[in-house]
Amino acid sequence: MKTFDTLLKAQHISTLQKGRPFVEKDTCIGISGKEIAYVGPHTADLSAKTVTDYGEAWIIPGLINAHTHLPMTLFRGFSDDEPLQDWLTKHIFPAEARLVNPEFCRIGTEIAALEAMLSGTTCFADMYYFEPDIADVMDKSGMRAFLGESVIDFPTPDNKKKDGSDYRLLEELIERTRGHSRLAAMIAPHAPYTCSDETLRRAADFARAKNILLSVHVSETAFEVAESRKNFGGKTPVERLLGLGVLDTPALFAHCVHVTDSDIEIMAQKPVAAIYNPESNMKLGSGAAPVRKMLDAGVCVALGTDGCASNNDLNMIREMDTGAKLQKLSLADNSAITAQELIELATVGGAKALQISERVGQLKVGLSADLVAIDLRRPHLQPVHEVASLIYSLQGNEVKDVFVEGRKVVENGRSLTIDQEGLMDRLSFYRSKAGF
């Protein structure tokens with residue numbers, strides 16, 4: 001008799017076998033402690049303390065949002081539909097200088113965690129300020145997170161005097177997350193166009209010395225690339241970062257909308273991942289990243305939502321749908337990318353980008369039990385001909401249960417770790433107090 005803590009049965013379970021997608025039918029997952037201990041048919045010799053039969057459901061690995069700005073949920077809908085450079089420099093940066101503090105980051109992050117877990121996200125890669133405070137919220141949520149403390153050339157909410165507060169917070173963050181199974185520190189130089197050579201080089205040196213990931217916005221807009229060529233001897237942002245040694249440390253390159261063929265060749269040879277943010281890139285008019293080219297060249301590509309100020313949600317299920325359709329549209333080719341490839345970008349692709357594919361990203365024995373059960377008994381999901389094609393009709397509200405490290409954090413569409421009603425009350429009080 002094989003005994004587990006939890007046994008989950010479902011009609012469809014998505015796995016990868018020898019690197020290829022495979023859907024187990026009418027099968028089950030056994031969880032022991034924090035790990036997946038069994039994936040296979042349900043037989044009489046299986047038992048568990050808790051058994052859940054989801055029936056007509058689909059179990060997938062937990063979704064990994066590889067680029068976002070969690071507290072910016074509080075800027076959702078703020079100064080929408082402005083030209084990108086005006087939106088950023090005349091609205092977002094000034095609002096952050098006026099409003100962002102530890103309390104702002106805590107409540108904004110709690111809203112982000114709740115929103116995302118309810119639509120199947122189990123892991124974030126964040127980039128913002130006051131990341132030790134964000135770490136506290138993420139720890140209590142039960143989710144997994146890589147926390148990128150921002151460094152930039154101009155004064156920021158947590159480094160107003162430019163006296164090194166950003167690096168002191170980084171040291172605190174590293175200590176806060178040391179040995180933690182779900183939380184890790186990153187350093188996040190904002191972008192080549194907001195960081196000097198010295199700032200970028202120092203960030204890369206720090207990442208190598210502390211053995212942490214680096215996260216940076218790269219080639220998001222045509223304007224950014226043109227300015228880089230103008231100001232740095234004809235170099236694209238990727239070429240400039242290469243010369244500064246930034247590509248010699250494992251890094252997340254967010255957006256990569258306007259990378260050149262040469263940039264892609266460089267990235268394919270370095271330990272960097274491109275993070276595709278289709279909804280943000282569409283909303284801000286930035287363009288469509290050359291995902292097909294990057295994948296074919298061997299670049300690691302993952303999926304992210306960006307922040308709520310530029311998306312305006314954290315729904316990775318919808319991001320998969322949009323991500324596939326944007327590639328098909330921009331290349332005028334319905335076969336340019338498949339639904340299954342988007343699922344992989346949102347799961348194992350994110351795990352590879354974050355360098356944790358030995359722990360998460362697949363439903364596989366020995367890996368962490370980070371998984372999502374999706375209810376398929378909905379009219380807009382029936383009939384099921386091809387399971388992967390469900391990403392074209394899923395909305396996110398079909399998520400039933402979510403597990404992280406074998407712990408259930410969402411049950412029947414309700415968070416078990418965040419009090420939704422209490423949070424909404426606290427948000428109303430906070431907005432009234434803060435005056436925005």
# chains A, B, ... in the order shown; residues from 1 in each chain; ligands from 1
$ select_by_dssp --residues "region 222-325 of chain A" --states "alpha helix (DSSP H)" --output "JSON, numbers by chain"
{"A": [222, 223, 224, 225, 226, 227, 228, 229, 230, 231, 237, 238, 239, 240, 241, 242, 243, 261, 262, 263, 264, 265, 266, 267, 268, 278, 279, 280, 281, 282, 283, 291, 292, 293, 294, 295, 296, 297, 316, 317, 318, 319, 320, 321, 322, 323, 324, 325]}
$ write_last_selection --atoms "N, CA and C atoms" --output "compact mmCIF listing (two decimals), in the first residue's frame"
# COMPACT_ATOMS: atom_id res chain seq x y z
N ALA A 222 11.02 51.03 -29.23
CA ALA A 222 11.90 51.46 -30.31
C ALA A 222 12.67 52.72 -29.91
N PHE A 223 12.01 53.61 -29.17
CA PHE A 223 12.64 54.84 -28.70
C PHE A 223 13.86 54.51 -27.83
N GLU A 224 13.70 53.54 -26.93
CA GLU A 224 14.81 53.15 -26.05
C GLU A 224 16.01 52.67 -26.86
N VAL A 225 15.76 51.86 -27.88
CA VAL A 225 16.86 51.32 -28.69
C VAL A 225 17.53 52.45 -29.48
N ALA A 226 16.72 53.34 -30.05
CA ALA A 226 17.28 54.46 -30.82
C ALA A 226 18.14 55.35 -29.94
N GLU A 227 17.68 55.64 -28.73
CA GLU A 227 18.45 56.47 -27.81
C GLU A 227 19.74 55.78 -27.40
N SER A 228 19.70 54.47 -27.23
CA SER A 228 20.91 53.73 -26.88
C SER A 228 21.94 53.82 -28.00
N ARG A 229 21.48 53.62 -29.23
CA ARG A 229 22.39 53.71 -30.37
C ARG A 229 22.99 55.12 -30.48
N LYS A 230 22.17 56.11 -30.21
CA LYS A 230 22.60 57.52 -30.31
C LYS A 230 23.64 57.86 -29.24
N ASN A 231 23.41 57.37 -28.03
CA ASN A 231 24.23 57.80 -26.89
C ASN A 231 25.39 56.87 -26.54
N PRO A 237 20.74 48.22 -26.49
CA PRO A 237 20.82 47.95 -25.05
C PRO A 237 21.49 46.62 -24.73
N VAL A 238 21.19 45.57 -25.52
CA VAL A 238 21.81 44.27 -25.26
C VAL A 238 23.32 44.34 -25.47
N GLU A 239 23.75 45.00 -26.53
CA GLU A 239 25.19 45.12 -26.80
C GLU A 239 25.89 45.93 -25.71
N ARG A 240 25.22 46.96 -25.23
CA ARG A 240 25.80 47.75 -24.14
C ARG A 240 25.92 46.91 -22.87
N LEU A 241 24.87 46.18 -22.54
CA LEU A 241 24.90 45.33 -21.34
C LEU A 241 25.97 44.24 -21.46
N LEU A 242 26.16 43.74 -22.68
CA LEU A 242 27.21 42.75 -22.91
C LEU A 242 28.57 43.33 -22.57
N GLY A 243 28.83 44.53 -23.07
CA GLY A 243 30.12 45.16 -22.83
C GLY A 243 30.38 45.47 -21.36
N ASP A 261 18.37 40.63 -34.46
CA ASP A 261 18.84 39.27 -34.69
C ASP A 261 20.19 39.05 -34.00
N SER A 262 21.04 40.06 -34.06
CA SER A 262 22.34 39.97 -33.39
C SER A 262 22.17 39.89 -31.88
N ASP A 263 21.25 40.68 -31.33
CA ASP A 263 20.96 40.61 -29.89
C ASP A 263 20.54 39.20 -29.49
N ILE A 264 19.67 38.61 -30.30
CA ILE A 264 19.16 37.28 -30.00
C ILE A 264 20.29 36.25 -30.00
N GLU A 265 21.20 36.37 -30.95
CA GLU A 265 22.36 35.46 -30.99
C GLU A 265 23.20 35.61 -29.73
N ILE A 266 23.39 36.83 -29.29
CA ILE A 266 24.16 37.08 -28.06
C ILE A 266 23.45 36.45 -26.86
N MET A 267 22.14 36.71 -26.74
CA MET A 267 21.39 36.21 -25.59
C MET A 267 21.38 34.68 -25.54
N ALA A 268 21.35 34.04 -26.72
CA ALA A 268 21.31 32.58 -26.77
C ALA A 268 22.58 31.96 -26.21
N PRO A 278 3.09 40.15 -23.18
CA PRO A 278 2.27 40.55 -24.32
C PRO A 278 1.22 41.61 -24.04
N GLU A 279 0.46 41.49 -22.95
CA GLU A 279 -0.62 42.44 -22.71
C GLU A 279 -0.08 43.84 -22.42
N SER A 280 0.97 43.93 -21.63
CA SER A 280 1.59 45.22 -21.35
C SER A 280 2.15 45.82 -22.63
N ASN A 281 2.85 45.02 -23.43
CA ASN A 281 3.43 45.52 -24.67
C ASN A 281 2.36 46.01 -25.63
N MET A 282 1.20 45.36 -25.65
CA MET A 282 0.09 45.81 -26.50
C MET A 282 -0.51 47.10 -25.97
N LYS A 283 -0.79 47.12 -24.67
CA LYS A 283 -1.46 48.28 -24.08
C LYS A 283 -0.63 49.54 -24.19
N VAL A 291 9.22 36.37 -30.21
CA VAL A 291 9.31 35.16 -29.40
C VAL A 291 9.70 33.94 -30.23
N ARG A 292 9.12 33.81 -31.42
CA ARG A 292 9.46 32.66 -32.25
C ARG A 292 10.95 32.63 -32.58
N LYS A 293 11.49 33.78 -32.95
CA LYS A 293 12.92 33.86 -33.26
C LYS A 293 13.76 33.50 -32.04
N MET A 294 13.36 34.01 -30.88
CA MET A 294 14.15 33.74 -29.68
C MET A 294 14.11 32.27 -29.31
N LEU A 295 12.93 31.66 -29.38
CA LEU A 295 12.83 30.24 -29.06
C LEU A 295 13.64 29.40 -30.04
N ASP A 296 13.53 29.71 -31.32
CA ASP A 296 14.25 28.94 -32.32
C ASP A 296 15.76 29.09 -32.18
N ALA A 297 16.20 30.22 -31.66
CA ALA A 297 17.63 30.46 -31.47
C ALA A 297 18.16 29.82 -30.20
N MET A 316 -2.36 35.25 -15.29
CA MET A 316 -1.45 34.53 -16.19
C MET A 316 -2.20 33.62 -17.16
N ILE A 317 -3.39 33.19 -16.81
CA ILE A 317 -4.18 32.38 -17.73
C ILE A 317 -4.56 33.21 -18.96
N ARG A 318 -5.03 34.42 -18.74
CA ARG A 318 -5.33 35.31 -19.87
C ARG A 318 -4.07 35.70 -20.62
N GLU A 319 -2.95 35.82 -19.90
CA GLU A 319 -1.69 36.20 -20.54
C GLU A 319 -1.25 35.13 -21.54
N MET A 320 -1.50 33.86 -21.21
CA MET A 320 -1.16 32.79 -22.16
C MET A 320 -1.97 32.94 -23.45
N ASP A 321 -3.26 33.18 -23.31
CA ASP A 321 -4.13 33.36 -24.47
C ASP A 321 -3.65 34.52 -25.33
N THR A 322 -3.45 35.68 -24.70
CA THR A 322 -3.00 36.86 -25.44
C THR A 322 -1.63 36.64 -26.06
N GLY A 323 -0.76 35.99 -25.30
CA GLY A 323 0.59 35.77 -25.79
C GLY A 323 0.64 34.95 -27.06
N ALA A 324 -0.20 33.94 -27.14
CA ALA A 324 -0.26 33.13 -28.35
C ALA A 324 -0.84 33.93 -29.51
N LYS A 325 -1.92 34.63 -29.27
CA LYS A 325 -2.60 35.35 -30.35
C LYS A 325 -1.78 36.52 -30.88
$ select_by_dssp --residues "region 197-432 of chain A" --states "strand (DSSP E)" --output "ChimeraX atom specification"
/A:213-218,251-255,272-276,300-303,371-375,399-404,407-411,414-415
$ write_last_selection --atoms "C-alpha atoms" --output "PDB file, in the first residue's frame"
ATOM      1  CA  LEU A 213      19.662  36.735 -10.099  1.00  0.00           C
ATOM      2  CA  LEU A 214      19.595  40.121 -11.815  1.00  0.00           C
ATOM      3  CA  SER A 215      16.401  41.533 -13.353  1.00  0.00           C
ATOM      4  CA  VAL A 216      16.322  44.447 -15.813  1.00  0.00           C
ATOM      5  CA  HIS A 217      14.020  45.957 -18.459  1.00  0.00           C
ATOM      6  CA  VAL A 218      15.622  45.587 -21.909  1.00  0.00           C
ATOM      7  CA  ALA A 251      19.562  37.520 -15.550  1.00  0.00           C
ATOM      8  CA  LEU A 252      15.957  38.176 -16.502  1.00  0.00           C
ATOM      9  CA  PHE A 253      15.570  40.535 -19.464  1.00  0.00           C
ATOM     10  CA  ALA A 254      12.014  41.875 -19.318  1.00  0.00           C
ATOM     11  CA  HIS A 255      10.188  42.697 -22.575  1.00  0.00           C
ATOM     12  CA  VAL A 272      19.858  35.237 -19.612  1.00  0.00           C
ATOM     13  CA  ALA A 273      16.131  34.716 -20.138  1.00  0.00           C
ATOM     14  CA  ALA A 274      13.759  36.898 -22.140  1.00  0.00           C
ATOM     15  CA  ILE A 275      10.485  37.622 -20.354  1.00  0.00           C
ATOM     16  CA  TYR A 276       7.537  38.041 -22.722  1.00  0.00           C
ATOM     17  CA  CYS A 300      15.178  30.788 -22.652  1.00  0.00           C
ATOM     18  CA  VAL A 301      11.790  32.561 -22.811  1.00  0.00           C
ATOM     19  CA  ALA A 302       9.276  32.900 -19.969  1.00  0.00           C
ATOM     20  CA  LEU A 303       5.968  34.727 -19.541  1.00  0.00           C
ATOM     21  CA  LEU A 371      -0.061  22.892  -8.829  1.00  0.00           C
ATOM     22  CA  VAL A 372      -3.439  24.207  -9.918  1.00  0.00           C
ATOM     23  CA  ALA A 373      -6.757  22.384 -10.328  1.00  0.00           C
ATOM     24  CA  ILE A 374      -9.034  23.936 -12.974  1.00  0.00           C
ATOM     25  CA  ASP A 375     -12.753  23.136 -13.121  1.00  0.00           C
ATOM     26  CA  VAL A 399      -9.372  27.873 -10.867  1.00  0.00           C
ATOM     27  CA  LYS A 400     -10.669  25.701  -8.058  1.00  0.00           C
ATOM     28  CA  ASP A 401      -7.704  24.803  -5.835  1.00  0.00           C
ATOM     29  CA  VAL A 402      -4.075  25.938  -5.705  1.00  0.00           C
ATOM     30  CA  PHE A 403      -1.209  24.225  -3.879  1.00  0.00           C
ATOM     31  CA  VAL A 404       2.283  25.550  -3.116  1.00  0.00           C
ATOM     32  CA  ARG A 407      -0.025  23.321   1.071  1.00  0.00           C
ATOM     33  CA  LYS A 408      -3.419  24.360  -0.199  1.00  0.00           C
ATOM     34  CA  VAL A 409      -3.532  28.162  -0.496  1.00  0.00           C
ATOM     35  CA  VAL A 410      -6.773  28.368  -2.523  1.00  0.00           C
ATOM     36  CA  GLU A 411      -9.788  26.141  -1.934  1.00  0.00           C
ATOM     37  CA  ARG A 414     -11.228  31.251  -2.063  1.00  0.00           C
ATOM     38  CA  SER A 415      -7.864  32.124  -0.579  1.00  0.00           C
TER      39      SER A 415
END
$ residues_around --residues "Thr6 (chain A)" --least-positions-apart "3" --cutoff "12 Å" --atoms "only C-alpha atoms" --output "number ranges by chain"
A: 2-3, 9, 28-38, 46-53, 369, 403, 405-408
$ write_last_selection --atoms "N, CA and C atoms" --output "PDB file, in the first residue's frame"
ATOM      1  N   LYS A   2       0.632   2.133  -0.957  1.00  0.00           N
ATOM      2  CA  LYS A   2       1.334   3.415  -1.012  1.00  0.00           C
ATOM      3  C   LYS A   2       0.457   4.468  -0.351  1.00  0.00           C
ATOM      4  N   THR A   3       1.005   5.156   0.635  1.00  0.00           N
ATOM      5  CA  THR A   3       0.230   6.137   1.395  1.00  0.00           C
ATOM      6  C   THR A   3       0.834   7.527   1.233  1.00  0.00           C
ATOM      7  N   LYS A   9      -7.260  13.375  -7.777  1.00  0.00           N
ATOM      8  CA  LYS A   9      -7.649  12.701  -9.010  1.00  0.00           C
ATOM      9  C   LYS A   9      -8.262  13.733  -9.958  1.00  0.00           C
ATOM     10  N   CYS A  28      -3.937  10.393 -11.256  1.00  0.00           N
ATOM     11  CA  CYS A  28      -3.895  11.081  -9.960  1.00  0.00           C
ATOM     12  C   CYS A  28      -2.470  11.485  -9.605  1.00  0.00           C
ATOM     13  N   ILE A  29      -2.397  12.396  -8.631  1.00  0.00           N
ATOM     14  CA  ILE A  29      -1.125  12.888  -8.098  1.00  0.00           C
ATOM     15  C   ILE A  29      -1.115  12.634  -6.598  1.00  0.00           C
ATOM     16  N   GLY A  30      -0.055  11.984  -6.131  1.00  0.00           N
ATOM     17  CA  GLY A  30       0.125  11.790  -4.695  1.00  0.00           C
ATOM     18  C   GLY A  30       1.134  12.781  -4.159  1.00  0.00           C
ATOM     19  N   ILE A  31       0.783  13.452  -3.068  1.00  0.00           N
ATOM     20  CA  ILE A  31       1.655  14.448  -2.446  1.00  0.00           C
ATOM     21  C   ILE A  31       2.053  13.962  -1.064  1.00  0.00           C
ATOM     22  N   SER A  32       3.363  13.953  -0.812  1.00  0.00           N
ATOM     23  CA  SER A  32       3.883  13.631   0.517  1.00  0.00           C
ATOM     24  C   SER A  32       4.726  14.806   0.997  1.00  0.00           C
ATOM     25  N   GLY A  33       4.327  15.413   2.109  1.00  0.00           N
ATOM     26  CA  GLY A  33       5.022  16.608   2.576  1.00  0.00           C
ATOM     27  C   GLY A  33       4.886  17.721   1.570  1.00  0.00           C
ATOM     28  N   LYS A  34       6.017  18.252   1.109  1.00  0.00           N
ATOM     29  CA  LYS A  34       6.014  19.358   0.157  1.00  0.00           C
ATOM     30  C   LYS A  34       6.153  18.907  -1.293  1.00  0.00           C
ATOM     31  N   GLU A  35       6.337  17.599  -1.510  1.00  0.00           N
ATOM     32  CA  GLU A  35       6.712  17.131  -2.840  1.00  0.00           C
ATOM     33  C   GLU A  35       5.671  16.223  -3.487  1.00  0.00           C
ATOM     34  N   ILE A  36       5.764  16.159  -4.804  1.00  0.00           N
ATOM     35  CA  ILE A  36       4.981  15.197  -5.564  1.00  0.00           C
ATOM     36  C   ILE A  36       5.662  13.831  -5.422  1.00  0.00           C
ATOM     37  N   ALA A  37       4.921  12.849  -4.949  1.00  0.00           N
ATOM     38  CA  ALA A  37       5.477  11.520  -4.711  1.00  0.00           C
ATOM     39  C   ALA A  37       4.989  10.486  -5.716  1.00  0.00           C
ATOM     40  N   TYR A  38       3.942  10.850  -6.455  1.00  0.00           N
ATOM     41  CA  TYR A  38       3.380   9.874  -7.399  1.00  0.00           C
ATOM     42  C   TYR A  38       2.588  10.603  -8.468  1.00  0.00           C
ATOM     43  N   LEU A  46      -3.366   2.571  -3.503  1.00  0.00           N
ATOM     44  CA  LEU A  46      -3.072   3.962  -3.157  1.00  0.00           C
ATOM     45  C   LEU A  46      -4.025   4.443  -2.080  1.00  0.00           C
ATOM     46  N   SER A  47      -3.482   5.137  -1.084  1.00  0.00           N
ATOM     47  CA  SER A  47      -4.331   5.726  -0.046  1.00  0.00           C
ATOM     48  C   SER A  47      -3.710   7.039   0.412  1.00  0.00           C
ATOM     49  N   ALA A  48      -4.502   7.861   1.064  1.00  0.00           N
ATOM     50  CA  ALA A  48      -4.026   9.158   1.545  1.00  0.00           C
ATOM     51  C   ALA A  48      -4.900   9.652   2.678  1.00  0.00           C
ATOM     52  N   LYS A  49      -4.346  10.553   3.493  1.00  0.00           N
ATOM     53  CA  LYS A  49      -5.121  11.167   4.565  1.00  0.00           C
ATOM     54  C   LYS A  49      -6.268  11.992   3.992  1.00  0.00           C
ATOM     55  N   THR A  50      -5.971  12.675   2.862  1.00  0.00           N
ATOM     56  CA  THR A  50      -6.984  13.483   2.182  1.00  0.00           C
ATOM     57  C   THR A  50      -7.046  13.066   0.724  1.00  0.00           C
ATOM     58  N   VAL A  51      -8.221  12.723   0.250  1.00  0.00           N
ATOM     59  CA  VAL A  51      -8.417  12.344  -1.139  1.00  0.00           C
ATOM     60  C   VAL A  51      -9.426  13.293  -1.766  1.00  0.00           C
ATOM     61  N   THR A  52      -9.048  13.906  -2.896  1.00  0.00           N
ATOM     62  CA  THR A  52      -9.954  14.806  -3.611  1.00  0.00           C
ATOM     63  C   THR A  52     -10.104  14.314  -5.036  1.00  0.00           C
ATOM     64  N   ASP A  53     -11.325  14.041  -5.420  1.00  0.00           N
ATOM     65  CA  ASP A  53     -11.614  13.650  -6.799  1.00  0.00           C
ATOM     66  C   ASP A  53     -12.217  14.859  -7.506  1.00  0.00           C
ATOM     67  N   ALA A 369       5.266  20.289  -4.876  1.00  0.00           N
ATOM     68  CA  ALA A 369       3.851  20.180  -5.233  1.00  0.00           C
ATOM     69  C   ALA A 369       3.243  21.573  -5.363  1.00  0.00           C
ATOM     70  N   PHE A 403      -2.150  24.733  -4.879  1.00  0.00           N
ATOM     71  CA  PHE A 403      -1.209  24.225  -3.879  1.00  0.00           C
ATOM     72  C   PHE A 403       0.172  24.822  -4.126  1.00  0.00           C
ATOM     73  N   GLU A 405       4.027  24.002  -2.482  1.00  0.00           N
ATOM     74  CA  GLU A 405       4.766  23.113  -1.594  1.00  0.00           C
ATOM     75  C   GLU A 405       3.819  22.166  -0.840  1.00  0.00           C
ATOM     76  N   GLY A 406       2.810  21.684  -1.537  1.00  0.00           N
ATOM     77  CA  GLY A 406       1.889  20.733  -0.944  1.00  0.00           C
ATOM     78  C   GLY A 406       0.845  21.331  -0.028  1.00  0.00           C
ATOM     79  N   ARG A 407       0.937  22.636   0.205  1.00  0.00           N
ATOM     80  CA  ARG A 407      -0.025  23.321   1.071  1.00  0.00           C
ATOM     81  C   ARG A 407      -1.098  23.969   0.211  1.00  0.00           C
ATOM     82  N   LYS A 408      -2.336  23.748   0.557  1.00  0.00           N
ATOM     83  CA  LYS A 408      -3.419  24.360  -0.199  1.00  0.00           C
ATOM     84  C   LYS A 408      -3.558  25.832   0.205  1.00  0.00           C
TER      85      LYS A 408
END
$ closest_atom_pairs --of "region 10-86 of chain A" --to "region 347-357 of chain A" --cutoff "6 Å" --atoms "only C-alpha atoms" --output "JSON lines"
{"residue": "A:Leu63", "atom": "CA", "partner": "A:Thr347", "partner_atom": "CA", "distance": 5.3}
{"residue": "A:Ile64", "atom": "CA", "partner": "A:Gly350", "partner_atom": "CA", "distance": 5.5}
{"residue": "A:Ala66", "atom": "CA", "partner": "A:Gly350", "partner_atom": "CA", "distance": 5.9}
$ closest_residue --among "A:Ala309, A:Leu170, A:Pro102, A:Pro155" --to "Ser79 (chain A)" --atoms "only C-alpha atoms"
A:Ala309
$ closest_residue --among "A:Ser119, A:Thr89, A:Asn311, A:Ser181" --to "Gln395 (chain A)" --atoms "only C-alpha atoms"
A:Ser119
$ closest_residue --among "A:Asp370, A:Glu103, A:Glu344, A:Glu198" --to "Tyr430 (chain A)" --atoms "only C-alpha atoms"
A:Glu103
$ closest_residue --among "A:Ile59, A:Thr68, A:Pro290, A:Asp45" --to "Ile337 (chain A)" --atoms "only C-alpha atoms"
A:Pro290
$ residues_around --residues "Cys195 (chain A)" --least-positions-apart "2" --cutoff "6 Å" --atoms "only C-alpha atoms" --output "list of chain:residue names"
A:Ile152, A:Asp153, A:Pro192, A:Tyr193, A:Thr199
$ atom_distance --atom1 "CA of Thr221 (chain A)" --atom2 "CA of Pro189 (chain A)"
17.2 Å
$ residues_around --residues "Arg176 (chain A)" --least-positions-apart "2" --cutoff "12 Å" --atoms "only C-alpha atoms" --output "NGL selection string"
:A and (131-136 or 139 or 147 or 169-174 or 178-185)
$ write_last_selection --atoms "C-alpha atoms" --output "mmCIF file, in the first residue's frame"
data_model
loop_
_atom_site.group_PDB
_atom_site.id
_atom_site.type_symbol
_atom_site.label_atom_id
_atom_site.label_comp_id
_atom_site.auth_asym_id
_atom_site.auth_seq_id
_atom_site.Cartn_x
_atom_site.Cartn_y
_atom_site.Cartn_z
ATOM 1 C CA GLU A 131 11.377 44.503 -1.068
ATOM 2 C CA PRO A 132 11.976 43.277 2.535
ATOM 3 C CA ASP A 133 8.420 44.450 3.306
ATOM 4 C CA ILE A 134 7.159 42.732 0.174
ATOM 5 C CA ALA A 135 8.965 39.574 1.319
ATOM 6 C CA ASP A 136 6.994 39.574 4.570
ATOM 7 C CA ASP A 139 5.832 34.751 3.014
ATOM 8 C CA LEU A 147 12.133 39.674 -4.956
ATOM 9 C CA LEU A 169 17.862 47.008 1.693
ATOM 10 C CA LEU A 170 19.377 44.427 -0.626
ATOM 11 C CA GLU A 171 21.603 43.135 2.160
ATOM 12 C CA GLU A 172 18.565 43.002 4.464
ATOM 13 C CA LEU A 173 16.578 41.174 1.791
ATOM 14 C CA ILE A 174 19.328 38.611 1.244
ATOM 15 C CA ARG A 178 18.539 33.150 3.270
ATOM 16 C CA GLY A 179 17.675 29.449 3.334
ATOM 17 C CA HIS A 180 13.994 30.106 2.628
ATOM 18 C CA SER A 181 12.392 27.466 0.427
ATOM 19 C CA ARG A 182 9.939 29.890 -1.258
ATOM 20 C CA LEU A 183 11.610 33.307 -1.233
ATOM 21 C CA ALA A 184 14.802 34.528 -2.894
ATOM 22 C CA ALA A 185 16.463 37.917 -3.388
#
$ residues_around --residues "Ser310 (chain A)" --least-positions-apart "5" --cutoff "12 Å" --atoms "only C-alpha atoms" --output "number ranges by chain"
A: 68-70, 72-84, 87-88, 92, 277-286, 304-305
$ residues_around --residues "Glu386 (chain A)" --least-positions-apart "6" --cutoff "12 Å" --atoms "only C-alpha atoms" --output "PDB file with C-alpha atoms, in the first residue's frame"
ATOM      1  CA  HIS A  12      -6.608  15.599 -17.241  1.00  0.00           C
ATOM      2  CA  SER A  14      -0.471  17.931 -17.794  1.00  0.00           C
ATOM      3  CA  PHE A  22       1.858  14.643 -22.314  1.00  0.00           C
ATOM      4  CA  VAL A  23      -1.628  14.649 -20.817  1.00  0.00           C
ATOM      5  CA  TRP A  58      -7.397  19.796 -15.472  1.00  0.00           C
ATOM      6  CA  THR A 338       1.150  26.842 -30.208  1.00  0.00           C
ATOM      7  CA  ALA A 339      -1.035  26.791 -27.126  1.00  0.00           C
ATOM      8  CA  GLN A 340       1.224  24.129 -25.633  1.00  0.00           C
ATOM      9  CA  TYR A 392      -7.911  30.142 -25.674  1.00  0.00           C
ATOM     10  CA  SER A 393     -11.160  30.025 -23.678  1.00  0.00           C
TER      11      SER A 393
END
